[in-house]
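Shown next: coords.txt, given as compact mmCIF, C-alpha atoms.
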# COMPACT_ATOMS: atom_id res chain seq x y z
CA MET A 954 -27.17 24.26 -6.02
CA GLU A 955 -25.91 20.70 -6.31
CA SER A 956 -22.40 20.11 -4.95
CA PRO A 957 -20.27 17.49 -6.76
CA GLU A 958 -18.42 16.74 -3.51
CA GLY A 959 -21.73 16.29 -1.68
CA LEU A 960 -23.08 14.00 -4.38
CA THR A 961 -19.89 11.93 -4.37
CA LEU A 962 -20.06 11.61 -0.58
CA ALA A 963 -23.71 10.56 -0.73
CA VAL A 964 -23.00 7.94 -3.39
CA LEU A 965 -20.07 6.56 -1.38
CA ALA A 966 -22.18 6.39 1.78
CA ALA A 967 -24.93 4.57 -0.11
CA LEU A 968 -22.44 2.09 -1.56
CA LEU A 969 -20.94 1.45 1.88
CA THR A 970 -24.42 0.81 3.26
CA VAL A 971 -25.23 -1.64 0.50
CA TRP A 972 -21.89 -3.39 1.02
CA ALA A 973 -22.58 -3.68 4.75
CA LEU A 974 -25.82 -5.50 3.89
CA VAL A 975 -24.57 -7.89 1.19
CA GLY A 976 -20.77 -7.90 1.44
CA ARG A 977 -20.44 -11.34 3.00
CA ARG A 978 -22.51 -12.99 0.28
CA ALA A 979 -20.68 -11.04 -2.43
CA GLU A 980 -17.28 -12.21 -1.14
CA ALA A 981 -18.54 -15.80 -1.18
CA TRP A 982 -19.09 -15.28 -4.91
CA GLY A 983 -15.56 -13.94 -5.33
CA ILE A 984 -16.56 -10.25 -5.42
CA THR A 985 -14.27 -8.46 -2.98
CA ALA A 986 -14.79 -4.90 -1.72
CA PRO A 987 -12.05 -3.50 -4.02
CA ILE A 988 -13.67 -5.17 -7.04
CA ALA A 989 -17.13 -3.87 -6.10
CA PHE A 990 -16.07 -0.27 -5.43
CA LEU A 991 -13.76 -0.13 -8.44
CA ALA A 992 -16.67 -1.29 -10.64
CA ALA A 993 -18.93 1.30 -9.00
CA GLY A 994 -16.38 4.02 -9.71
CA LEU A 995 -16.19 2.96 -13.35
CA ALA A 996 -19.99 2.91 -13.64
CA LEU A 997 -20.79 6.07 -11.70
CA GLY A 998 -17.64 8.19 -11.88
CA THR A 999 -18.84 10.45 -14.69
CA ARG A 1000 -22.36 10.74 -13.25
CA VAL A 1001 -21.20 12.19 -9.91
CA GLY A 1002 -18.89 14.71 -11.57
CA LEU A 1003 -15.61 13.52 -10.03
CA ASP A 1004 -12.83 16.11 -10.27
CA LEU A 1005 -9.65 14.18 -9.51
CA GLY A 1006 -7.61 17.37 -9.43
CA ALA A 1007 -9.80 18.98 -6.77
CA PRO A 1008 -8.18 19.95 -3.43
CA SER A 1009 -10.69 17.75 -1.58
CA VAL A 1010 -9.57 14.69 -3.56
CA HIS A 1011 -5.93 15.58 -2.94
CA LEU A 1012 -6.60 15.89 0.81
CA LEU A 1013 -8.51 12.59 0.84
CA ALA A 1014 -5.63 10.87 -0.93
CA GLU A 1015 -3.07 12.28 1.50
CA LEU A 1016 -5.13 11.35 4.58
CA ALA A 1017 -5.77 7.87 3.23
CA LEU A 1018 -2.07 7.23 2.64
CA VAL A 1019 -1.17 8.66 6.05
CA LEU A 1020 -3.64 6.35 7.80
CA VAL A 1021 -2.61 3.32 5.75
CA LEU A 1022 1.11 3.93 6.26
CA PHE A 1023 0.66 4.42 10.01
CA HIS A 1024 -1.72 1.48 10.44
CA ASP A 1025 0.36 -0.99 8.43
CA ALA A 1026 3.61 0.04 10.11
CA SER A 1027 2.14 -0.02 13.64
CA THR A 1028 0.44 -3.41 13.32
CA VAL A 1029 2.95 -5.23 11.15
CA GLY A 1030 4.24 -7.34 14.04
CA LEU A 1031 7.96 -6.61 14.03
CA ARG A 1032 8.31 -8.22 17.45
CA ASP A 1033 7.06 -11.50 16.00
CA LEU A 1034 9.87 -11.39 13.44
CA ARG A 1035 12.71 -11.56 15.95
CA ARG A 1036 12.82 -15.34 15.78
CA ASP A 1037 12.37 -15.51 12.00
CA PRO A 1038 13.08 -12.25 10.18
CA TRP A 1039 14.95 -13.36 7.12
CA ILE A 1040 12.23 -13.92 4.52
CA ALA A 1041 10.73 -10.46 5.10
CA VAL A 1042 14.18 -8.85 5.29
CA ARG A 1043 15.16 -10.42 1.97
CA LEU A 1044 11.91 -9.26 0.32
CA LEU A 1045 12.29 -5.70 1.58
CA ALA A 1046 16.06 -5.17 1.45
CA MET A 1047 16.71 -7.06 -1.80
CA GLY A 1048 13.47 -7.89 -3.59
CA PHE A 1049 11.93 -4.40 -3.48
CA PRO A 1050 15.02 -2.45 -4.68
CA LEU A 1051 15.60 -5.01 -7.41
CA ALA A 1052 11.97 -4.69 -8.53
CA VAL A 1053 12.24 -0.89 -8.66
CA LEU A 1054 15.50 -0.98 -10.62
CA LEU A 1055 14.30 -3.62 -13.06
CA THR A 1056 10.93 -1.93 -13.59
CA THR A 1057 12.62 1.45 -14.11
CA GLY A 1058 14.83 -0.01 -16.82
CA VAL A 1059 12.02 -1.84 -18.62
CA THR A 1060 9.71 1.21 -18.44
CA LEU A 1061 12.41 3.53 -19.81
CA TRP A 1062 13.11 1.06 -22.62
CA MET A 1063 9.43 0.72 -23.58
CA ILE A 1064 8.41 4.39 -23.15
CA PRO A 1065 11.62 6.46 -23.39
CA THR A 1066 9.71 9.76 -23.42
CA LEU A 1067 9.04 9.33 -19.68
CA GLY A 1068 12.68 9.95 -18.84
CA ILE A 1069 14.44 8.67 -15.74
CA ALA A 1070 12.10 10.47 -13.32
CA GLY A 1071 8.93 9.23 -15.00
CA ALA A 1072 10.19 5.65 -15.20
CA LEU A 1073 11.29 5.77 -11.56
CA LEU A 1074 7.86 7.09 -10.53
CA VAL A 1075 6.16 4.23 -12.37
CA ALA A 1076 8.53 1.65 -10.89
CA ALA A 1077 8.15 2.74 -7.28
CA ALA A 1078 4.38 3.10 -7.51
CA VAL A 1079 3.69 -0.28 -9.09
CA SER A 1080 6.19 -2.14 -6.88
CA ALA A 1081 4.40 -1.23 -3.62
CA THR A 1082 2.12 -4.08 -2.50
CA ASP A 1083 -1.15 -3.85 -0.59
CA ALA A 1084 -1.71 -5.62 2.73
CA SER A 1085 -5.50 -5.31 2.63
CA LEU A 1086 -5.86 -6.70 -0.89
CA GLY A 1087 -3.74 -9.69 0.14
CA ALA A 1088 -5.79 -10.35 3.28
CA PRO A 1089 -7.41 -13.59 2.00
CA THR A 1090 -3.90 -15.01 1.70
CA VAL A 1091 -2.32 -13.44 4.79
CA LEU A 1092 -5.24 -14.48 7.01
CA ASN A 1093 -5.66 -17.98 5.57
CA PRO A 1094 -4.59 -20.34 8.39
CA ALA A 1095 -3.89 -23.10 5.88
CA VAL A 1096 -0.87 -21.16 4.57
CA PRO A 1097 2.28 -21.74 6.68
CA ILE A 1098 2.74 -19.02 9.28
CA ARG A 1099 6.23 -18.06 8.08
CA VAL A 1100 4.95 -17.32 4.60
CA ARG A 1101 1.91 -15.37 5.84
CA ARG A 1102 4.03 -13.35 8.23
CA ALA A 1103 6.59 -12.49 5.54
CA LEU A 1104 3.91 -11.32 3.10
CA ASN A 1105 2.22 -9.27 5.84
CA VAL A 1106 5.44 -7.55 6.87
CA GLU A 1107 6.51 -6.92 3.28
CA SER A 1108 3.20 -5.35 2.25
CA GLY A 1109 3.03 -3.38 5.48
CA LEU A 1110 6.43 -1.78 4.99
CA ASN A 1111 7.25 -1.54 1.30
CA ASP A 1112 4.72 1.24 0.64
CA GLY A 1113 6.73 3.27 3.16
CA LEU A 1114 9.86 2.52 1.14
CA ALA A 1115 8.15 3.46 -2.12
CA THR A 1116 6.71 6.77 -0.91
CA PRO A 1117 9.96 8.84 -0.74
CA ILE A 1118 10.95 7.57 -4.20
CA VAL A 1119 7.56 8.63 -5.58
CA ILE A 1120 7.80 12.08 -3.95
CA VAL A 1121 11.31 12.64 -5.33
CA ALA A 1122 10.29 11.50 -8.83
CA ILE A 1123 7.22 13.76 -8.85
CA GLY A 1124 9.41 16.65 -7.66
CA ALA A 1125 11.83 16.08 -10.52
CA LEU A 1126 8.97 15.94 -13.04
CA VAL A 1127 7.41 19.13 -11.67
CA ALA A 1128 10.80 20.83 -12.09
CA ASN A 1129 10.98 19.37 -15.62
CA ALA A 1130 14.28 17.73 -14.69
CA ASP A 1131 13.72 14.14 -15.76
CA THR A 1132 17.39 13.18 -15.91
CA THR A 1133 19.57 11.39 -13.39
CA GLU A 1134 20.94 14.76 -12.28
CA GLY A 1135 17.42 16.13 -11.94
CA VAL A 1136 16.36 13.22 -9.75
CA ALA A 1137 19.47 13.71 -7.60
CA GLU A 1138 18.67 17.42 -7.22
CA ALA A 1139 15.05 16.64 -6.28
CA ALA A 1140 16.30 14.10 -3.73
CA ALA A 1141 18.64 16.70 -2.23
CA VAL A 1142 15.74 19.16 -1.92
CA GLU A 1143 13.50 16.51 -0.34
CA LEU A 1144 16.15 15.14 2.02
CA PRO A 1145 15.78 17.76 4.80
CA ARG A 1146 11.99 17.42 4.71
CA GLY A 1147 12.33 13.65 4.81
CA LEU A 1148 14.71 13.66 7.77
CA LEU A 1149 12.46 16.08 9.63
CA GLY A 1150 9.49 13.85 8.88
CA ILE A 1151 11.33 10.84 10.27
CA ALA A 1152 12.16 12.76 13.43
CA VAL A 1153 8.57 13.98 13.86
CA GLY A 1154 7.21 10.47 13.41
CA ILE A 1155 9.61 8.84 15.86
CA VAL A 1156 9.15 11.50 18.55
CA LEU A 1157 5.35 11.50 18.36
CA GLY A 1158 4.95 7.75 17.83
CA ALA A 1159 7.26 6.70 20.66
CA GLY A 1160 6.21 9.55 22.96
CA ILE A 1161 2.47 8.91 22.66
CA ALA A 1162 3.06 5.17 23.02
CA ARG A 1163 4.89 5.71 26.32
CA ALA A 1164 2.22 8.14 27.53
CA MET A 1165 -0.57 5.75 26.57
CA ASP A 1166 1.09 2.83 28.35
CA TRP A 1167 1.60 4.98 31.48
CA THR A 1168 -2.02 6.14 31.61
CA ARG A 1169 -3.18 2.59 30.96
CA GLY A 1170 -1.06 1.28 33.82
CA HIS A 1171 -2.40 3.94 36.19
CA ARG A 1172 -6.00 3.44 35.01
CA TYR A 1173 -6.37 7.01 33.75
CA SER A 1174 -7.79 5.79 30.43
CA ASP A 1175 -10.02 3.00 29.16
CA LEU A 1176 -9.89 0.89 26.01
CA ALA A 1177 -12.34 3.06 24.07
CA ALA A 1178 -10.39 6.23 24.83
CA ARG A 1179 -7.10 4.62 23.87
CA GLY A 1180 -8.68 3.49 20.59
CA LEU A 1181 -9.59 7.09 19.81
CA GLY A 1182 -6.06 8.14 20.76
CA VAL A 1183 -4.55 5.64 18.31
CA LEU A 1184 -6.87 6.95 15.59
CA ALA A 1185 -5.92 10.55 16.37
CA LEU A 1186 -2.17 9.90 16.40
CA PRO A 1187 -1.58 9.63 12.61
CA LEU A 1188 -3.76 12.74 12.15
CA LEU A 1189 -1.70 14.56 14.79
CA THR A 1190 1.48 13.41 13.05
CA PHE A 1191 0.11 14.67 9.73
CA GLY A 1192 -0.75 18.08 11.21
CA VAL A 1193 2.57 18.58 12.99
CA ALA A 1194 4.55 17.50 9.93
CA GLU A 1195 2.54 19.93 7.78
CA LEU A 1196 3.19 22.80 10.19
CA LEU A 1197 6.92 22.05 10.19
CA HIS A 1198 7.02 21.55 6.38
CA ALA A 1199 8.23 18.00 6.92
CA ASN A 1200 7.41 14.99 4.73
CA VAL A 1201 4.01 13.90 6.08
CA PHE A 1202 4.20 10.40 4.63
CA LEU A 1203 7.57 9.54 6.14
CA ALA A 1204 6.33 11.04 9.42
CA ALA A 1205 3.28 8.74 9.35
CA PHE A 1206 5.31 5.68 8.40
CA MET A 1207 7.99 6.19 11.05
CA GLY A 1208 5.35 7.19 13.59
CA GLY A 1209 3.56 3.90 13.02
CA LEU A 1210 6.80 1.93 13.31
CA ALA A 1211 7.79 3.73 16.52
CA PHE A 1212 4.33 3.41 18.05
CA GLY A 1213 4.03 -0.29 17.20
CA ARG A 1214 7.53 -1.00 18.50
CA VAL A 1215 7.20 0.89 21.80
CA SER A 1216 3.53 0.45 22.71
CA ARG A 1217 2.52 -2.50 24.86
CA ALA A 1218 -1.16 -1.75 24.27
CA VAL A 1219 -0.96 -2.74 20.59
CA HIS A 1220 0.19 -6.22 21.61
CA ASP A 1221 -1.74 -6.67 24.86
CA GLU A 1222 -5.07 -5.35 23.58
CA PRO A 1223 -5.17 -5.46 19.76
CA GLU A 1224 -8.71 -4.05 19.89
CA VAL A 1225 -7.12 -0.65 20.50
CA THR A 1226 -6.31 -0.36 16.78
CA GLU A 1227 -9.85 -1.17 15.60
CA PRO A 1228 -10.98 2.49 15.15
CA LEU A 1229 -7.83 3.18 13.10
CA GLU A 1230 -8.38 0.04 11.05
CA THR A 1231 -12.01 0.99 10.40
CA ALA A 1232 -11.04 4.50 9.30
CA ALA A 1233 -8.34 3.11 7.01
CA ASP A 1234 -10.84 0.63 5.53
CA VAL A 1235 -13.43 3.35 4.87
CA LEU A 1236 -10.90 5.62 3.18
CA GLY A 1237 -9.58 2.57 1.33
CA VAL A 1238 -12.90 1.73 -0.29
CA ALA A 1239 -13.37 5.44 -1.11
CA LEU A 1240 -10.05 5.30 -2.93
CA TRP A 1241 -11.14 2.22 -4.89
CA PHE A 1242 -14.18 4.22 -6.01
CA LEU A 1243 -11.92 7.11 -7.02
CA ALA A 1244 -9.69 4.63 -8.86
CA GLY A 1245 -12.66 3.86 -11.11
CA GLY A 1246 -12.95 7.56 -11.89
CA LEU A 1247 -9.20 7.70 -12.48
CA MET A 1248 -9.48 4.95 -15.06
CA ILE A 1249 -12.30 6.77 -16.85
CA THR A 1250 -10.19 9.94 -16.98
CA VAL A 1251 -7.12 8.13 -18.30
CA PHE A 1252 -8.82 5.97 -20.91
CA ALA A 1253 -10.83 8.93 -22.21
CA ARG A 1254 -7.50 10.31 -23.46
CA GLY A 1255 -6.55 7.13 -25.30
CA PHE A 1256 -4.87 3.80 -24.75
CA ARG A 1257 -1.40 2.39 -25.44
CA ILE A 1258 -0.53 -1.27 -25.61
CA GLU A 1259 2.69 -0.45 -23.73
CA TRP A 1260 0.58 0.30 -20.62
CA LEU A 1261 -0.94 -3.17 -20.69
CA VAL A 1262 2.40 -4.90 -21.31
CA LEU A 1263 4.06 -3.03 -18.45
CA ALA A 1264 1.11 -3.75 -16.12
CA VAL A 1265 1.30 -7.47 -16.88
CA LEU A 1266 5.07 -7.49 -16.43
CA ALA A 1267 4.80 -5.54 -13.15
CA LEU A 1268 2.51 -8.22 -11.71
CA THR A 1269 4.53 -11.15 -13.04
CA ALA A 1270 8.18 -11.10 -14.16
CA LEU A 1271 9.11 -7.71 -12.67
CA ARG A 1272 7.85 -8.91 -9.28
CA MET A 1273 8.63 -12.63 -9.40
CA VAL A 1274 12.19 -12.44 -10.72
CA PRO A 1275 13.39 -10.03 -7.98
CA VAL A 1276 11.64 -12.13 -5.32
CA ALA A 1277 13.27 -15.30 -6.66
CA LEU A 1278 16.70 -13.62 -6.67
CA ALA A 1279 16.18 -12.25 -3.17
CA LEU A 1280 15.31 -15.73 -1.87
CA LEU A 1281 18.31 -17.53 -3.39
CA GLY A 1282 20.01 -19.53 -0.67
CA SER A 1283 17.06 -19.15 1.70
CA GLY A 1284 16.25 -22.85 1.79
CA LEU A 1285 12.74 -22.25 0.48
CA GLN A 1286 11.51 -24.55 -2.24
CA THR A 1287 10.31 -23.42 -5.68
CA PRO A 1288 6.53 -23.49 -4.93
CA THR A 1289 7.10 -21.21 -1.94
CA ARG A 1290 9.19 -18.76 -3.96
CA LEU A 1291 6.54 -18.72 -6.69
CA PHE A 1292 3.77 -18.19 -4.11
CA LEU A 1293 5.62 -15.29 -2.51
CA GLY A 1294 6.34 -13.84 -5.93
CA TRP A 1295 2.75 -14.01 -7.15
CA PHE A 1296 1.06 -12.59 -4.06
CA GLY A 1297 2.18 -9.01 -4.32
CA PRO A 1298 -1.17 -7.28 -5.03
CA ARG A 1299 -1.19 -3.58 -5.89
CA GLY A 1300 -3.85 -1.38 -4.37
CA VAL A 1301 -4.36 1.65 -2.15
CA ALA A 1302 -0.80 3.04 -2.24
CA THR A 1303 -0.67 2.87 -6.04
CA ILE A 1304 -4.08 4.59 -6.27
CA VAL A 1305 -2.87 7.41 -4.01
CA PHE A 1306 0.32 7.79 -6.02
CA GLY A 1307 -1.84 8.08 -9.15
CA LEU A 1308 -4.05 10.77 -7.60
CA LEU A 1309 -1.01 12.71 -6.39
CA THR A 1310 0.49 12.49 -9.87
CA VAL A 1311 -2.69 13.82 -11.48
CA GLU A 1312 -2.80 16.72 -9.02
CA ALA A 1313 0.89 17.63 -9.41
CA LEU A 1314 1.31 17.00 -13.14
CA SER A 1315 -2.11 17.74 -14.60
CA GLU A 1316 -0.62 19.71 -17.51
CA ASP A 1317 2.29 17.35 -18.20
CA PRO A 1318 1.77 15.22 -21.34
CA ARG A 1319 3.58 12.32 -19.67
CA THR A 1320 0.86 12.03 -17.03
CA SER A 1321 -1.36 9.92 -19.29
CA ASP A 1322 1.36 7.29 -19.75
CA ILE A 1323 2.29 7.24 -16.07
CA VAL A 1324 -1.24 7.05 -14.71
CA GLY A 1325 -2.31 4.70 -17.51
CA ILE A 1326 0.26 2.16 -16.31
CA PHE A 1327 -0.87 2.68 -12.71
CA THR A 1328 -4.53 2.13 -13.47
CA LEU A 1329 -4.07 -0.97 -15.60
CA THR A 1330 -1.77 -2.48 -12.97
CA ILE A 1331 -4.39 -1.83 -10.28
CA LEU A 1332 -7.23 -3.18 -12.41
CA LEU A 1333 -5.41 -6.38 -13.36
CA SER A 1334 -4.21 -6.88 -9.79
CA VAL A 1335 -7.59 -6.50 -8.14
CA LEU A 1336 -9.05 -9.04 -10.54
CA ALA A 1337 -6.16 -11.51 -10.70
CA HIS A 1338 -5.20 -11.48 -7.03
CA GLY A 1339 -8.77 -11.17 -5.80
CA LEU A 1340 -9.90 -14.20 -7.77
CA THR A 1341 -6.82 -16.36 -7.11
CA ALA A 1342 -6.18 -15.59 -3.43
CA THR A 1343 -8.32 -18.34 -1.90
CA PRO A 1344 -7.85 -21.14 -4.49
CA PHE A 1345 -4.09 -20.56 -4.83
CA ALA A 1346 -3.65 -20.38 -1.05
CA ASN A 1347 -5.56 -23.63 -0.56
CA CYS A 1348 -3.60 -25.31 -3.37
CA TYR A 1349 -0.30 -24.14 -1.93
CA ALA A 1350 -1.32 -25.21 1.58
CA ALA A 1351 -2.17 -28.69 0.30
CA TRP A 1352 1.35 -28.95 -1.12
CA ALA A 1353 2.97 -27.46 1.98
CA ARG A 1354 1.44 -29.79 4.58
CA PRO A 1355 3.40 -32.95 3.73
CA THR A 1356 6.63 -30.98 3.12
CA GLY A 1357 6.25 -28.42 5.89
CA ALA A 1358 9.23 -28.98 8.17
CA ALA A 1359 11.87 -28.97 5.44
CA ALA A 1360 10.44 -26.14 3.38
CA HIS A 1361 8.87 -23.76 5.86
CA GLU A 1362 9.95 -24.23 9.45
CA ARG A 1363 13.71 -24.19 9.00
CA LEU A 1364 16.04 -21.14 9.13

Could the structure of this file be written out as structure tokens, please?
Amino acid sequence: MESPEGLTLAVLAALLTVWALVGRRAEAWGITAPIAFLAAGLALGTRVGLDLGAPSVHLLAELALVLVLFHDASTVGLRDLRRDPWIAVRLLAMGFPLAVLLTTGVTLWMIPTLGIAGALLVAAAVSATDASLGAPTVLNPAVPIRVRRALNVESGLNDGLATPIVIVAIGALVANADTTEGVAEAAAVELPRGLLGIAVGIVLGAGIARAMDWTRGHRYSDLAARGLGVLALPLLTFGVAELLHANVFLAAFMGGLAFGRVSRAVHDEPEVTEPLETAADVLGVALWFLAGGLMITVFARGFRIEWLVLAVLALTALRMVPVALALLGSGLQTPTRLFLGWFGPRGVATIVFGLLTVEALSEDPRTSDIVGIFTLTILLSVLAHGLTATPFANCYAAWARPTGAAAHERL
């Protein structure tokens, strides 16, 4: 008897194989992996019988977010920020909270039936940016290093900031308490699990980092074995957090931060993170495929113009205005503030939040509005940011070269 999960796995494996053969040429034509797999999900999602509420999909989503949170946090390069932290700090400490607050208000105004919890869920999910989707910008050597580093750090860390907000908002919606008091009660329930998750992540991340450095120094391990150890660590963190009923996502995020901060291997031999990066990439493209199925599911139930308006605003004004406010007094010129404001692509984290919402709130009538906004934001972002990353980066770099010292190397 045909298994839907088996068929989905076979289709994904076939797509990955095809991408391995033609991906370089496709990217030269402006077709990135997220665009290709999202299109495949839209084209094939109904044919492979995707069940987005299935436990296997829920587990895949959780594992993907755990790996992405750990990988981004562990490789974000916090040590490199010691000489120049302020752009990233402004984006994370001021820009992200402002974006969440502003998006919550606009969402509640446009779709009041979502309530505070629903609007907060939308705001946190669509404010989290994606490091991998912004890679053409972050890795473009023509863009000044300060700007690339700030975008990399922001996208590596703000999904970790968004995750507890999303979990609290989903908890309030599950309890049908979509008021300010309901959100506060859900936060109080989640707080012990969150604190325990933080503790689990720090202990495991720092402890394994120390152990790995010790065995490396005494030649008890080789590079390949350490690579497998780095890949296993977020999975170990996930398992321990589950056993202790801690928040697995905060555990993964803090574990990645602790490991990246303590480990010398990450900085001395960056190849050690390659297995983890490969696993995160594979799960990432699987999620883009599932995102296509998510869009089919959502749009089969209808369409509201409010979803499109909120998606456009999330990628433009609701991102760019908070970034501009956060960078006031920074000494950065207007083109740099606009560049930082535009390049906040939405991707894997938002997809996972959508899948978790579908699984937790499958019977809630508000789910269509919430996930509809998610999916349109993702779709517009993958197209707009994917197509503009290289030309906009080159254009900005051409402006930055003659003005570099004043605009980018100060502070």

Practice prompt. For CA of Thr1287 (chain A) and CA of Leu1114 (chain A), determine how far apart the two atoms are, in Å to one decimal place.
Written response: 26.8 Å

Discussion item. Tell me which residues come within 12 Å of (12.4, 0.0, -19.0), as an MDAnalysis selection string, counting only C-alpha atoms in the file's coordinates.
Written reply: chainID A and resid 1052:1076 1259:1260 1262:1263 1266:1267 1271

Write out as JSON lines a residue-level contact list of region 1149-1237 of chain A versus region 960-984 of chain A with cut-off 12 Å: for each qualifying residue the closest pair of atoms and the distance in Å to one decimal, counting only C-alpha atoms, rows sorted by chain and residue number upward.
{"residue": "A:Asp1234", "atom": "CA", "partner": "A:Leu969", "partner_atom": "CA", "distance": 10.8}
{"residue": "A:Val1235", "atom": "CA", "partner": "A:Leu969", "partner_atom": "CA", "distance": 8.3}
{"residue": "A:Leu1236", "atom": "CA", "partner": "A:Leu965", "partner_atom": "CA", "distance": 10.3}
{"residue": "A:Gly1237", "atom": "CA", "partner": "A:Leu969", "partner_atom": "CA", "distance": 11.4}

Discussion item. Please determine, counting all atoms listed in the file, which residue among A:Ala1162, A:Val1019, A:Leu1181, A:Ala1244 has the shortest atom-to-atom distance to Val1225 (chain A).
Written reply: A:Leu1181

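Coordinates place CA of Ala1205 (chain A) at a distance of 19.8 Å from CA of Val1142 (chain A).
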
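Closest approach to Ala1218 (chain A) among A:Val1311, A:Val1153, A:Met1165, A:Ala1199: A:Met1165, based on all atoms listed in the file.
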
Worksheet item: Separation of CA of Thr1090 (chain A) and CA of Leu1243 (chain A), in Å?
Response: 25.1 Å

Around the point (17.0, -13.2, -5.7) (coordinates from the file), which residues reach within 9 Å if we count all atoms listed in the file? Answer as an mmCIF file with C-alpha atoms, in the frame of the given file.
data_model
loop_
_atom_site.group_PDB
_atom_site.id
_atom_site.type_symbol
_atom_site.label_atom_id
_atom_site.label_comp_id
_atom_site.auth_asym_id
_atom_site.auth_seq_id
_atom_site.Cartn_x
_atom_site.Cartn_y
_atom_site.Cartn_z
ATOM 1 C CA ARG A 1043 15.160 -10.420 1.970
ATOM 2 C CA LEU A 1044 11.910 -9.260 0.320
ATOM 3 C CA MET A 1047 16.710 -7.060 -1.800
ATOM 4 C CA GLY A 1048 13.470 -7.890 -3.590
ATOM 5 C CA LEU A 1051 15.600 -5.010 -7.410
ATOM 6 C CA VAL A 1274 12.190 -12.440 -10.720
ATOM 7 C CA PRO A 1275 13.390 -10.030 -7.980
ATOM 8 C CA VAL A 1276 11.640 -12.130 -5.320
ATOM 9 C CA ALA A 1277 13.270 -15.300 -6.660
ATOM 10 C CA LEU A 1278 16.700 -13.620 -6.670
ATOM 11 C CA ALA A 1279 16.180 -12.250 -3.170
ATOM 12 C CA LEU A 1280 15.310 -15.730 -1.870
ATOM 13 C CA LEU A 1281 18.310 -17.530 -3.390
ATOM 14 C CA GLY A 1282 20.010 -19.530 -0.670
#

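Minimum atom-to-atom distance to Phe1345 (chain A), evaluated using all atoms listed in the file, belongs to A:Asn1093 out of A:Ser1321, A:Ser1174, A:Thr1028, A:Asn1093.
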
Item to complete: Considering only C-alpha atoms, return as JSON, numbers by chain whatever protein or nucleic-acid residues lie within 12 Å of Gly1339 (chain A), sequence-local ones (same chain, fewer than 3 positions apart) excluded.
Response: {"A": [980, 981, 982, 983, 984, 985, 986, 987, 988, 989, 1083, 1085, 1086, 1087, 1088, 1089, 1090, 1295, 1296, 1297, 1298, 1299, 1300, 1331, 1332, 1333, 1334, 1335, 1336, 1342, 1343, 1344, 1345, 1346]}

Fill in: All residues 12 Å or closer to Arg1169 (chain A), all atoms listed in the file, same chain fewer than 2 positions away omitted, as a PyMOL selection string
chain A and resi 1161-1167+1171-1180+1182+1216-1219+1221-1222+1225

Item to complete: Would you mind telling me which residue in A:Leu1020, A:Ile1040, A:Val1251, A:Ala1211 lies nearest to Val1100 (chain A) when using only C-alpha atoms?
Response: A:Ile1040

Discussion item. Please determine, counting only C-alpha atoms, which residue among A:Leu1240, A:Leu1340, A:Val1201, A:Ala1041 has the shortest atom-to-atom distance to Gly1154 (chain A).
Written reply: A:Val1201

Could you give me the axis-aligned bounding box of region 1024-1027 of chain A, with 3 Å of padding per side, as centre plus edge lengths in Å to one decimal, as JSON?
{"center_x": 0.9, "center_y": 0.2, "center_z": 11.0, "size_x": 11.3, "size_y": 8.5, "size_z": 11.2}

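In this comparison, which uses all atoms listed in the file, the residue of A:Trp1241, A:Leu1184, A:Ile1120, A:Leu1013 approaching Glu1227 (chain A) most closely is A:Leu1184.
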